[in-house]
Amino acid sequence: MKRITILAIVIAIAVSGCTRRIIDFTVISTKNVQMSMDKSKGKQVKIKDLKAFGINSTLKGAIDKALNSAGPGYDMLVDGVVSYSSYYFVSGYRVEGLAINTLKLKSELGNEGYQEYMKEHSILTPAAPVQN
C-alpha cells in the first residue's frame, strides 16, 4: 500500500504543470533589423524587476515598468534587450531600450510625417535583411 501511495505521488508530480502567459506583443523579432532611430525622439530606459523567488515577476510587468519609468504616454520600446536573472532568493527580468511616445511623435510630425518617419527608420515596416 505504501508503494502505491508513493507511486501515485510521483506520477502526480510528473504529470502536473502549469502554463503562464509571459507577454503580449505587437511587434517582436529576434533578428537584427536595420534601424536608425533618432535618440532625441525617445528616452533611454533600463529597469530591473526582481521579486522574491520570482513570485509575480512577469516579462509583461517588467516591460510595462520600463515604459512607465520613461513617463506618461510612452508606449513602444525600440532597440530593446530583455534579460532574465536568477539568484538564490530573487529572480526576475531586466529590460532596457529606447521608449517612444507615439502619440507625441504623431502630434509633432502630423500623421503623414509620422508614417514617413516610421518608414524612414524601418519601424513597423519591412526592412531589407541585414547582411552578416
# chains A, B, ... in the order shown; residues from 1 in each chain; ligands from 1
call {"tool": "residues_around", "arguments": {"residues": "stretch 79-86 of chain A", "least_positions_apart": "6", "cutoff": "6 Å", "atoms": "only C-alpha atoms", "output": "list in words"}}
result
Gly92, Tyr93, Arg94, Val95, Glu96 and Gly97 of chain A
call {"tool": "write_last_selection", "arguments": {"atoms": "all heavy atoms", "output": "short mmCIF file (atom, residue, chain, number, x, y, z; two decimals), in the first residue's frame"}}
result
data_model
loop_
_atom_site.label_atom_id
_atom_site.label_comp_id
_atom_site.auth_asym_id
_atom_site.auth_seq_id
_atom_site.Cartn_x
_atom_site.Cartn_y
_atom_site.Cartn_z
N GLY A 92 13.92 37.53 -11.70
CA GLY A 92 13.06 38.43 -12.45
C GLY A 92 13.73 38.87 -13.74
O GLY A 92 14.67 38.25 -14.22
N TYR A 93 13.24 39.97 -14.28
CA TYR A 93 13.64 40.44 -15.60
C TYR A 93 14.31 41.80 -15.55
O TYR A 93 14.02 42.62 -14.69
CB TYR A 93 12.41 40.53 -16.52
CG TYR A 93 11.73 39.20 -16.69
CD1 TYR A 93 10.68 38.81 -15.87
CD2 TYR A 93 12.15 38.32 -17.68
CE1 TYR A 93 10.07 37.58 -16.03
CE2 TYR A 93 11.55 37.09 -17.84
CZ TYR A 93 10.51 36.72 -17.01
OH TYR A 93 9.91 35.51 -17.16
N ARG A 94 15.21 42.02 -16.50
CA ARG A 94 15.82 43.33 -16.73
C ARG A 94 15.46 43.74 -18.15
O ARG A 94 15.63 42.95 -19.08
CB ARG A 94 17.33 43.27 -16.55
CG ARG A 94 17.96 44.67 -16.62
CD ARG A 94 19.46 44.62 -16.52
NE ARG A 94 19.95 44.18 -17.84
CZ ARG A 94 21.09 43.57 -18.04
NH1 ARG A 94 21.88 43.29 -17.06
NH2 ARG A 94 21.46 43.21 -19.25
N VAL A 95 14.95 44.95 -18.30
CA VAL A 95 14.52 45.44 -19.61
C VAL A 95 15.20 46.77 -19.87
O VAL A 95 15.24 47.63 -18.99
CB VAL A 95 12.98 45.63 -19.66
CG1 VAL A 95 12.55 46.22 -20.99
CG2 VAL A 95 12.28 44.32 -19.40
N GLU A 96 15.75 46.93 -21.06
CA GLU A 96 16.30 48.22 -21.45
C GLU A 96 16.00 48.47 -22.91
O GLU A 96 15.82 47.53 -23.69
CB GLU A 96 17.79 48.31 -21.16
CG GLU A 96 18.65 47.25 -21.80
CD GLU A 96 20.10 47.36 -21.36
OE1 GLU A 96 20.76 48.34 -21.75
OE2 GLU A 96 20.55 46.46 -20.65
N GLY A 97 15.88 49.73 -23.27
CA GLY A 97 15.60 50.10 -24.65
C GLY A 97 15.25 51.57 -24.74
O GLY A 97 15.30 52.30 -23.75
#
call {"tool": "closest_residue", "arguments": {"among": "A:Glu120, A:Asp75, A:Glu112, A:Asp64", "to": "A:Asp38", "atoms": "only C-alpha atoms"}}
result
A:Glu120
call {"tool": "atom_distance", "arguments": {"atom1": "atom CA of A:Lys65", "atom2": "atom CA of A:Leu103"}}
result
18.8 Å
call {"tool": "atom_distance", "arguments": {"atom1": "atom CA of A:Thr58", "atom2": "atom CA of A:Lys46"}}
result
15.9 Å
call {"tool": "select_by_dssp", "arguments": {"residues": "stretch 58-98 of chain A", "states": "strand (DSSP E)", "output": "PyMOL selection string"}}
result
chain A and resi 76-86+90-98
